[in-house]
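The data block below is upload_18.cif; it holds mmCIF, C-alpha atoms.
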```cif
data_entry
#
loop_
_atom_site.label_atom_id
_atom_site.label_comp_id
_atom_site.auth_asym_id
_atom_site.auth_seq_id
_atom_site.Cartn_x
_atom_site.Cartn_y
_atom_site.Cartn_z
CA MET G 182 8.18 37.76 19.19
CA PRO G 183 11.29 36.30 20.86
CA ALA G 184 14.54 38.18 20.49
CA GLY G 185 16.46 37.09 17.43
CA SER G 186 13.45 36.20 15.30
CA ILE G 187 13.50 37.41 11.72
CA THR G 188 10.83 39.50 10.02
CA VAL G 189 9.93 38.07 6.65
CA ALA G 190 9.18 40.45 3.77
CA GLU G 191 6.20 38.45 2.52
CA THR G 192 4.97 38.39 -1.04
CA PRO G 193 2.46 35.82 -2.33
CA LEU G 194 5.32 33.70 -3.69
CA VAL G 195 7.41 33.91 -0.51
CA ARG G 196 4.38 33.08 1.63
CA PHE G 197 3.52 30.15 -0.64
CA LEU G 198 7.06 28.77 -0.52
CA LEU G 199 7.29 29.10 3.26
CA ARG G 200 3.97 27.35 3.81
CA ARG G 201 4.96 24.37 1.62
CA ALA G 202 8.43 24.30 3.14
CA ASP G 203 6.94 24.41 6.65
CA ASP G 204 4.70 21.41 5.82
CA ALA G 205 7.75 19.43 4.75
CA LEU G 206 10.00 20.53 7.61
CA ILE G 207 7.47 19.90 10.37
CA LEU G 208 6.41 16.51 9.04
CA GLY G 209 10.06 15.62 8.44
CA HIS G 210 10.86 16.59 12.02
CA ARG G 211 7.99 14.48 13.31
CA LEU G 212 9.32 11.46 11.40
CA SER G 213 12.82 12.12 12.75
CA GLU G 214 11.41 11.75 16.27
CA TRP G 215 10.94 8.05 15.49
CA CYS G 216 14.67 7.57 14.92
CA GLY G 217 15.75 4.79 17.26
CA HIS G 218 12.18 4.21 18.47
CA ALA G 219 10.42 2.49 15.56
CA PRO G 220 8.85 -0.96 16.09
CA MET G 221 11.59 -2.63 14.05
CA MET G 222 14.91 -1.66 12.51
CA GLU G 223 13.57 -1.90 8.94
CA GLU G 224 10.85 0.62 9.73
CA ASP G 225 13.23 2.85 11.67
CA MET G 226 15.17 3.28 8.43
CA ALA G 227 12.04 3.76 6.34
CA LEU G 228 10.77 6.53 8.63
CA ALA G 229 14.16 8.24 8.71
CA ASN G 230 14.40 8.02 4.92
CA MET G 231 11.01 9.67 4.50
CA GLY G 232 11.95 12.30 7.07
CA LEU G 233 15.12 13.09 5.16
CA ASP G 234 13.16 13.33 1.89
CA LEU G 235 10.86 15.89 3.50
CA ILE G 236 13.63 17.93 5.12
CA GLY G 237 15.41 17.99 1.75
CA GLN G 238 12.24 19.35 0.14
CA ALA G 239 11.99 21.98 2.89
CA ARG G 240 15.58 23.06 2.29
CA SER G 241 15.00 23.60 -1.44
CA LEU G 242 11.81 25.55 -0.81
CA TYR G 243 13.35 27.71 1.95
CA THR G 244 16.35 28.48 -0.20
CA TYR G 245 14.12 29.57 -3.05
CA ALA G 246 12.01 31.61 -0.60
CA GLY G 247 15.19 33.39 0.47
CA GLU G 248 16.03 34.19 -3.15
CA ALA G 249 12.49 35.38 -3.85
CA GLU G 250 12.45 37.50 -0.70
CA ALA G 251 15.90 39.00 -1.43
CA GLN G 252 16.48 40.05 2.19
CA GLY G 253 19.49 37.85 2.73
CA HIS G 254 17.59 35.11 4.58
CA GLY G 255 18.62 31.51 4.06
CA GLU G 256 17.11 28.14 4.91
CA ASP G 257 18.42 28.18 8.49
CA ASP G 258 16.94 31.62 9.18
CA PHE G 259 13.49 30.46 8.11
CA ALA G 260 13.69 27.18 10.00
CA TYR G 261 15.27 28.37 13.24
CA LEU G 262 14.35 32.01 13.61
CA ARG G 263 10.59 32.18 13.13
CA ASP G 264 8.14 31.74 15.99
CA VAL G 265 4.98 29.61 16.01
CA ARG G 266 2.83 32.38 14.52
CA GLY G 267 5.27 32.77 11.66
CA TYR G 268 4.88 29.11 10.62
CA GLY G 269 2.27 28.40 7.94
CA ASN G 270 2.23 24.60 7.92
CA LEU G 271 -0.89 22.47 7.93
CA LEU G 272 -2.21 21.49 11.35
CA LEU G 273 -2.18 17.87 10.16
CA VAL G 274 1.61 17.62 9.93
CA GLU G 275 2.29 19.05 13.40
CA GLN G 276 0.06 16.50 15.14
CA PRO G 277 2.08 14.25 17.46
CA ASN G 278 3.32 10.91 16.21
CA GLY G 279 1.06 8.98 18.57
CA ASP G 280 1.42 5.27 17.88
CA PHE G 281 2.75 3.74 14.67
CA ALA G 282 -0.75 3.59 13.16
CA CYS G 283 -1.24 7.30 13.82
CA THR G 284 2.07 8.15 12.13
CA MET G 285 1.23 6.02 9.08
CA VAL G 286 -2.31 7.37 8.73
CA ARG G 287 -1.03 10.96 9.01
CA GLN G 288 1.59 10.16 6.37
CA LEU G 289 -0.99 8.69 4.03
CA LEU G 290 -3.46 11.57 4.41
CA TYR G 291 -0.75 14.11 3.61
CA SER G 292 1.16 12.17 0.94
CA ALA G 293 -1.99 11.23 -0.99
CA PHE G 294 -2.66 14.95 -1.34
CA ILE G 295 0.84 16.28 -1.93
CA ASP G 296 1.96 13.69 -4.49
CA PRO G 297 -0.51 14.69 -7.24
CA TYR G 298 -0.06 18.30 -6.13
CA TRP G 299 3.71 18.13 -6.79
CA ARG G 300 3.03 16.42 -10.09
CA ALA G 301 0.84 19.34 -11.17
CA LEU G 302 3.28 21.92 -9.82
CA ALA G 303 6.05 20.31 -11.87
CA THR G 304 4.45 21.92 -14.95
CA SER G 305 4.60 25.42 -13.42
CA PRO G 306 6.04 28.15 -15.66
CA ASP G 307 8.26 29.01 -12.67
CA ALA G 308 11.23 26.82 -13.58
CA THR G 309 12.68 26.63 -10.05
CA LEU G 310 9.34 25.69 -8.56
CA ALA G 311 8.81 23.10 -11.30
CA ALA G 312 12.21 21.54 -10.65
CA ILE G 313 11.65 21.33 -6.87
CA ALA G 314 8.21 19.78 -7.44
CA ALA G 315 9.49 17.23 -9.95
CA LYS G 316 12.12 16.02 -7.47
CA ALA G 317 9.72 16.01 -4.53
CA GLU G 318 7.10 14.04 -6.47
CA LYS G 319 9.37 11.01 -6.87
CA GLU G 320 9.83 10.99 -3.11
CA SER G 321 6.19 11.56 -2.19
CA ALA G 322 5.11 8.80 -4.58
CA TYR G 323 7.05 6.35 -2.44
CA HIS G 324 5.60 7.85 0.75
CA VAL G 325 2.10 7.14 -0.58
CA ARG G 326 3.01 3.58 -1.42
CA HIS G 327 4.73 2.86 1.88
CA SER G 328 2.10 4.45 4.13
CA ALA G 329 -0.79 2.93 2.15
CA GLU G 330 0.64 -0.59 2.45
CA TRP G 331 1.00 -0.15 6.19
CA VAL G 332 -2.47 1.33 6.66
CA ILE G 333 -3.95 -1.62 4.75
CA ARG G 334 -2.03 -4.09 6.92
CA LEU G 335 -2.82 -2.35 10.20
CA GLY G 336 -6.51 -1.93 9.38
CA ASP G 337 -6.85 -5.47 8.08
CA GLY G 338 -4.58 -6.91 10.76
CA THR G 339 -5.41 -7.79 14.34
CA PRO G 340 -8.36 -6.33 16.30
CA GLU G 341 -5.80 -4.21 18.17
CA SER G 342 -4.12 -2.80 15.04
CA HIS G 343 -7.54 -2.24 13.43
CA ARG G 344 -8.75 -0.27 16.44
CA ARG G 345 -5.59 1.84 16.52
CA ALA G 346 -5.74 2.59 12.77
CA GLN G 347 -9.42 3.54 13.00
CA ASP G 348 -8.73 5.79 16.01
CA ALA G 349 -5.93 7.49 14.08
CA LEU G 350 -8.15 8.06 11.04
CA ASP G 351 -11.00 9.43 13.15
CA GLY G 352 -8.65 11.63 15.16
CA LEU G 353 -6.79 13.13 12.22
CA TRP G 354 -9.73 13.53 9.84
CA ALA G 355 -10.66 17.04 11.05
CA PHE G 356 -7.23 18.30 9.96
CA THR G 357 -7.56 17.19 6.32
CA GLY G 358 -9.91 19.93 5.07
CA GLU G 359 -7.17 22.53 5.41
CA MET G 360 -5.10 20.90 2.66
CA PHE G 361 -7.58 22.07 0.02
CA GLU G 362 -8.03 25.63 1.32
CA THR G 363 -6.67 28.78 -0.26
CA ASP G 364 -6.52 32.41 0.79
CA ASP G 365 -6.22 35.66 -1.19
CA SER G 366 -2.44 35.41 -1.21
CA GLU G 367 -2.42 31.96 -2.82
CA ARG G 368 -5.32 32.76 -5.15
CA HIS G 369 -3.11 35.47 -6.60
CA LEU G 370 -0.59 32.83 -7.68
CA ILE G 371 -3.31 30.46 -8.86
CA ALA G 372 -4.86 33.18 -11.05
CA ALA G 373 -1.41 33.90 -12.50
CA GLY G 374 -1.06 30.20 -13.40
CA VAL G 375 2.05 29.76 -11.25
CA VAL G 376 0.60 27.17 -8.86
CA PRO G 377 -2.37 24.79 -9.09
CA ASP G 378 -5.52 25.26 -7.04
CA PRO G 379 -5.37 22.69 -4.22
CA ALA G 380 -9.18 22.44 -4.26
CA ARG G 381 -9.07 20.45 -7.49
CA PHE G 382 -7.17 17.67 -5.73
CA GLU G 383 -9.84 17.06 -3.10
CA ALA G 384 -12.08 14.69 -5.08
CA PRO G 385 -9.24 12.47 -6.37
CA TRP G 386 -7.65 12.51 -2.90
CA ARG G 387 -10.91 11.41 -1.32
CA ALA G 388 -11.32 8.62 -3.88
CA MET G 389 -7.80 7.37 -3.31
CA VAL G 390 -8.06 7.48 0.48
CA ALA G 391 -11.48 5.82 0.35
CA ASP G 392 -10.04 2.99 -1.74
CA ILE G 393 -7.16 2.37 0.68
CA VAL G 394 -9.45 2.68 3.70
CA ALA G 395 -11.78 0.12 2.14
CA GLN G 396 -8.91 -2.30 1.52
CA ALA G 397 -7.90 -1.76 5.13
CA THR G 398 -11.46 -2.67 6.23
CA LEU G 399 -11.60 0.71 7.98
CA ARG G 400 -14.47 3.18 8.03
CA LEU G 401 -13.99 6.52 6.25
CA PRO G 402 -15.09 9.36 8.56
CA GLN G 403 -18.02 11.19 6.99
CA GLY G 404 -17.95 14.95 6.51
CA GLY G 405 -17.76 16.63 9.85
CA TRP G 406 -16.28 19.86 11.03
CA MET G 407 -12.82 20.76 9.78
CA GLN G 408 -10.21 22.51 11.91
CA LYS G 409 -8.31 25.25 10.08
CA GLY G 410 -5.81 27.97 10.90
CA GLY G 411 -2.35 26.53 10.29
CA ARG G 412 -1.83 28.47 7.06
CA ALA G 413 -2.59 31.70 8.96
CA GLY G 414 -0.22 30.85 11.82
CA ARG G 415 -2.91 29.69 14.27
CA HIS G 416 -1.54 26.38 15.45
CA SER G 417 -2.35 23.65 17.92
CA GLU G 418 -0.34 23.60 21.14
CA HIS G 419 1.90 20.91 19.67
CA LEU G 420 3.85 23.14 17.28
CA GLY G 421 5.38 25.28 20.04
CA HIS G 422 6.80 22.21 21.75
CA LEU G 423 8.12 20.90 18.44
CA LEU G 424 9.81 24.23 17.63
CA SER G 425 11.36 24.50 21.08
CA ASP G 426 13.06 21.20 20.32
CA LEU G 427 13.90 22.08 16.70
CA GLN G 428 15.12 25.62 17.42
CA TYR G 429 16.70 25.26 20.86
CA MET G 430 20.32 25.29 19.74
CA GLN G 431 20.09 28.33 17.49
CA ARG G 432 17.99 30.23 20.04
CA ALA G 433 20.37 29.45 22.91
CA PHE G 434 23.56 29.93 20.89
CA PRO G 435 22.71 32.33 18.04
CA GLY G 436 24.77 31.73 14.95
CA ALA G 437 26.39 28.60 16.37
CA SER G 438 27.73 26.24 13.74
CA TRP G 439 29.94 23.20 13.65
CA MET M 150 4.28 -9.06 16.34
CA ALA M 151 7.51 -10.19 17.93
CA ILE M 152 10.50 -9.76 15.64
CA ASP M 153 11.39 -13.46 15.78
CA THR M 154 8.05 -14.43 14.26
CA ILE M 155 8.43 -12.11 11.26
CA PRO M 156 9.85 -13.95 8.24
CA LEU M 157 13.41 -13.38 7.12
CA TRP M 158 14.23 -12.38 3.51
CA GLU M 159 17.46 -12.33 1.53
CA VAL M 160 18.11 -9.23 -0.56
CA PHE M 161 19.85 -9.12 -3.94
CA ILE M 162 20.69 -5.85 -5.68
CA ARG M 163 21.71 -5.27 -9.28
CA SER M 164 23.86 -2.16 -9.33
CA ARG M 165 24.02 -1.56 -13.07
CA ASN M 166 22.58 -2.85 -16.29
CA GLY M 167 24.44 -5.90 -17.50
CA LEU M 168 25.60 -6.98 -14.05
CA ALA M 169 24.12 -9.81 -12.02
CA HIS M 170 22.07 -9.36 -8.87
CA LYS M 171 24.36 -9.67 -5.89
CA HIS M 172 23.49 -10.72 -2.37
CA VAL M 173 23.72 -7.73 -0.03
CA GLY M 174 22.07 -8.87 3.19
CA SER M 175 18.83 -9.82 4.83
CA LEU M 176 15.87 -8.23 6.59
CA HIS M 177 12.63 -8.98 8.40
CA ALA M 178 9.25 -8.28 6.78
CA THR M 179 5.76 -9.71 7.12
CA ASP M 180 5.20 -10.19 3.39
CA VAL M 181 6.81 -9.77 -0.01
CA THR M 182 5.52 -6.24 -0.63
CA LEU M 183 6.91 -4.88 2.61
CA ALA M 184 10.10 -6.91 2.12
CA LEU M 185 10.71 -5.15 -1.19
CA GLN M 186 10.06 -1.75 0.38
CA ALA M 187 12.32 -2.52 3.34
CA ALA M 188 15.05 -3.69 0.94
CA ARG M 189 14.77 -0.37 -0.88
CA ASP M 190 14.93 1.55 2.40
CA LEU M 191 17.79 -0.44 3.92
CA TYR M 192 20.03 -1.28 1.00
CA THR M 193 19.64 1.40 -1.70
CA ARG M 194 20.07 4.59 0.33
CA ARG M 195 23.25 5.62 -1.45
CA GLY M 196 22.35 4.84 -5.02
CA GLU M 197 23.46 1.21 -4.84
CA GLY M 198 20.94 -0.27 -7.21
CA LEU M 199 18.62 -0.31 -10.18
CA SER M 200 16.83 -3.55 -9.36
CA ILE M 201 16.01 -5.53 -6.23
CA TRP M 202 15.17 -9.18 -5.66
CA VAL M 203 13.89 -10.42 -2.34
CA VAL M 204 13.72 -14.14 -1.63
CA PRO M 205 12.35 -15.87 1.46
CA SER M 206 15.42 -17.04 3.37
CA ASN M 207 13.81 -20.44 3.89
CA ALA M 208 13.60 -20.91 0.10
CA ILE M 209 17.37 -21.12 -0.07
CA THR M 210 18.98 -24.55 0.10
CA ALA M 211 22.53 -24.23 1.36
CA SER M 212 25.47 -26.59 1.18
CA ASP M 213 26.50 -28.17 4.45
CA PRO M 214 29.73 -26.72 5.87
CA ALA M 215 30.57 -30.25 7.04
CA ASP M 216 30.75 -31.31 3.36
CA LYS M 217 33.38 -28.72 2.60
CA GLU M 218 36.20 -31.20 1.92
CA MET M 219 34.13 -33.40 -0.36
CA MET M 220 32.52 -30.50 -2.17
CA PHE M 221 35.34 -28.07 -2.73
CA GLU M 222 38.78 -29.53 -2.09
CA PRO M 223 38.97 -31.82 -5.16
CA THR M 224 39.08 -28.78 -7.43
CA ALA M 225 42.26 -27.49 -5.84
CA SER M 226 44.46 -29.87 -7.84
CA LYS M 227 42.73 -29.29 -11.20
CA ILE M 228 44.76 -26.32 -12.27
CA TYR M 229 44.20 -27.25 -15.92
CA ARG M 230 40.64 -26.01 -15.53
CA HIS M 231 41.92 -22.45 -15.33
CA PRO M 232 42.30 -21.08 -18.86
CA THR M 233 45.82 -19.84 -18.24
CA PHE M 234 47.61 -22.12 -20.72
CA TYR M 235 46.23 -20.52 -23.83
CA GLU M 236 48.04 -17.92 -25.82
CA VAL M 237 45.58 -15.09 -26.43
CA PRO M 238 46.15 -13.31 -29.74
CA GLU M 239 46.85 -9.60 -29.42
CA ASP M 240 43.73 -8.67 -31.41
CA VAL M 241 41.39 -10.30 -28.92
CA GLY M 242 42.13 -7.74 -26.26
CA HIS M 243 40.58 -8.29 -22.86
CA MET M 244 38.98 -11.64 -22.23
#
```

Structure encoded using structure tokens:
Amino acid sequence: MPAGSITVAETPLVRFLLRRADDALILGHRLSEWCGHAPMMEEDMALANMGLDLIGQARSLYTYAGEAEAQGHGEDDFAYLRDVRGYGNLLLVEQPNGDFACTMVRQLLYSAFIDPYWRALATSPDATLAAIAAKAEKESAYHVRHSAEWVIRLGDGTPESHRRAQDALDGLWAFTGEMFETDDSERHLIAAGVVPDPARFEAPWRAMVADIVAQATLRLPQGGWMQKGGRAGRHSEHLGHLLSDLQYMQRAFPGASW
Amino acid sequence: MAIDTIPLWEVFIRSRNGLAHKHVGSLHATDVTLALQAARDLYTRRGEGLSIWVVPSNAITASDPADKEMMFEPTASKIYRHPTFYEVPEDVGHM
């Protein structure tokens, strides 16, 4: 562990909050990488808006994790002072932006899962969690709409855009199974009725994605082997590079602020 | 697709109930669905609106700047069209 990293006093709730926050932060950071590079100004703004939605969600979740942990850690400590193995985000969200089709397909695959998930979590007996979920759901609903419209247009566009969208779908598919996985830590919260079981969202997610993929004249990848490990801190090589960018300033100048 | 082949749209935002939609700017989008989304993303980031209209820019018929004198100058001398000669009773309040 690099000098200056924090040790998190994990409980099922803290672990849950950090995982969901990490999903939002990492995907938000990925979208921020498009800033100034999108194919057109309108989409530059749309990607930055979605990135800011996600980073806002991460901030709320990290802050609540700090309260639940009660070790004096705040959002910045969790974001900047944990190493790759301490991150519990889905492998899907850390995948590189690739081309525009890849970014939009990744956004759709994640948003189509997390939107109904937030909607269910908004009825949690944990009032803070419910409030965060209710706010996030309004944002993720738009992310579904925006990414779905683009995937339909790219798939049903030119031969070139169709090929790129299909490549993105095929390439990212193996990272989708992880969204519906749970471990003992999360099952504890599910049994207590605090959070929904992500497994119950798999069938509706598949139906929704299949519908959009069909409209896009794309081919839905069938079954296949699913790559897992993000929730347990086993990441692809991409996350380390992302974190070195994200964390550089705080690692080089600990405690710096402006 | 090159940016100059993507259609241009005019954006109108209504900021509150009871107010009219007001022109706020323009944007490029391939179709009406994406135009509406782009209008949301570009022009309502700071809580500016409750309703958006997008209109293809080429659907707007504009007056010719060369006709300015004919079109607009004759009104300058018709000050009696401004309702400033009426005495408004106190009870009416703001009009």

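Among the candidate residues M:Glu197, M:Glu239, M:Glu222, M:Asp153, the one lying nearest to chain G is M:Asp153, with distances computed using only C-alpha atoms.
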
Original post:
Taking (14.6, -5.2, -7.7) in the file's coordinates, which residues come within 9 Å, counting only C-alpha atoms, written as a ChimeraX atom specification?
Top reply: /M:160-163,170,185,188-189,198-203

Original post:
Exactly which residues make up the result of the PyMOL selection byres ((chain G and resi 300-313) around 8) on this file, given as a list in words?
Top reply: Gln238, Ser241, Leu242, Tyr245, Asp296, Pro297, Tyr298, Trp299, Ala314, Ala315, Lys316, Ala317, Glu318, Gly374, Val375, Val376 and Pro377 of chain G

Original post:
For the file shown, what are the residues hit by the PyMOL selection byres ((chain G) within 8 of (chain M)), laid out as a list in words?
Top reply: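 Applied to this file, the PyMOL selection byres ((chain G) within 8 of (chain M)) returns Met221, Glu223, Glu224, Met226, Ala227, Asn230, His327 and Glu330 of chain G.
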
Original post:
Counting all atoms listed in the file, which of G:Gly352, G:Gly336, G:Gly232, G:Gly436 gets nearest to Pro402 in chain G?
Top reply: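 The answer is G:Gly352, which sits nearest to Pro402 in chain G.
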
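In this structure, CA of Ala329 in chain G sits 26.6 Å away from CA of Thr363 in chain G.
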
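As for CA of His369 in chain G and CA of Lys409 in chain G, they are spaced 20.2 Å apart.
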
Original post:
Between CA of Val195 in chain G and CA of Leu370 in chain G, what is the spacing in Å?
Top reply: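 Here the two named atoms are 10.8 Å from each other.
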
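The residues caught by the PyMOL selection byres ((chain G and resi 331-333) around 8) in this file are Ala282, Met285, Val286, Leu289, His327, Ser328, Ala329, Glu330, Arg334, Leu335, Gly336, Asp337, Ala346, Ile393, Val394, Gln396, Ala397 and Thr398 of chain G.
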
**OP:** Using all atoms listed in the file, find the one residue out of M:Glu159, M:Glu236, M:Asp180, M:Glu218 that sits nearest to Val204 in chain M.
**Re:**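 Checking each candidate against Val204 in chain M, we get M:Glu159 as the closest.
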
Taking all atoms of range 413-431 of chain G that the file lists and extending 5 Å past them on each side, where is the centre of the axis-aligned box and how long are its edges? Answer in Å to one decimal, as lines of an AutoDock Vina configuration file.
```
center_x = 8.7
center_y = 26.3
center_z = 15.4
size_x = 33.2
size_y = 20.8
size_z = 22.8
```

**OP:** Just the residues within 12 Å of Met407 in chain G, please, counting only C-alpha atoms, with nothing from its chain fewer than 4 positions along; format it as number ranges by chain.
**Re:** G: 272-273, 351-362, 402-403, 411

Keeping C-alpha atoms for every residue in the selection just given, could you write it to a file as a PDB file, in the frame of the given file?
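This is the output file again.pdb:
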```pdb
ATOM      1  CA  LEU G 272      -2.210  21.490  11.350  1.00  0.00           C
ATOM      2  CA  LEU G 273      -2.180  17.870  10.160  1.00  0.00           C
ATOM      3  CA  ASP G 351     -11.000   9.430  13.150  1.00  0.00           C
ATOM      4  CA  GLY G 352      -8.650  11.630  15.160  1.00  0.00           C
ATOM      5  CA  LEU G 353      -6.790  13.130  12.220  1.00  0.00           C
ATOM      6  CA  TRP G 354      -9.730  13.530   9.840  1.00  0.00           C
ATOM      7  CA  ALA G 355     -10.660  17.040  11.050  1.00  0.00           C
ATOM      8  CA  PHE G 356      -7.230  18.300   9.960  1.00  0.00           C
ATOM      9  CA  THR G 357      -7.560  17.190   6.320  1.00  0.00           C
ATOM     10  CA  GLY G 358      -9.910  19.930   5.070  1.00  0.00           C
ATOM     11  CA  GLU G 359      -7.170  22.530   5.410  1.00  0.00           C
ATOM     12  CA  MET G 360      -5.100  20.900   2.660  1.00  0.00           C
ATOM     13  CA  PHE G 361      -7.580  22.070   0.020  1.00  0.00           C
ATOM     14  CA  GLU G 362      -8.030  25.630   1.320  1.00  0.00           C
ATOM     15  CA  PRO G 402     -15.090   9.360   8.560  1.00  0.00           C
ATOM     16  CA  GLN G 403     -18.020  11.190   6.990  1.00  0.00           C
ATOM     17  CA  GLY G 411      -2.350  26.530  10.290  1.00  0.00           C
TER      18      GLY G 411
END
```

**OP:** Find, counting all atoms listed in the file, the residue in G:Met430, G:Ile371, G:Leu350, G:Ile187 that gets nearest to Gln252 in chain G.
**Re:**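 Ranking G:Met430, G:Ile371, G:Leu350, G:Ile187 by distance to Gln252 in chain G, first place goes to G:Ile187.
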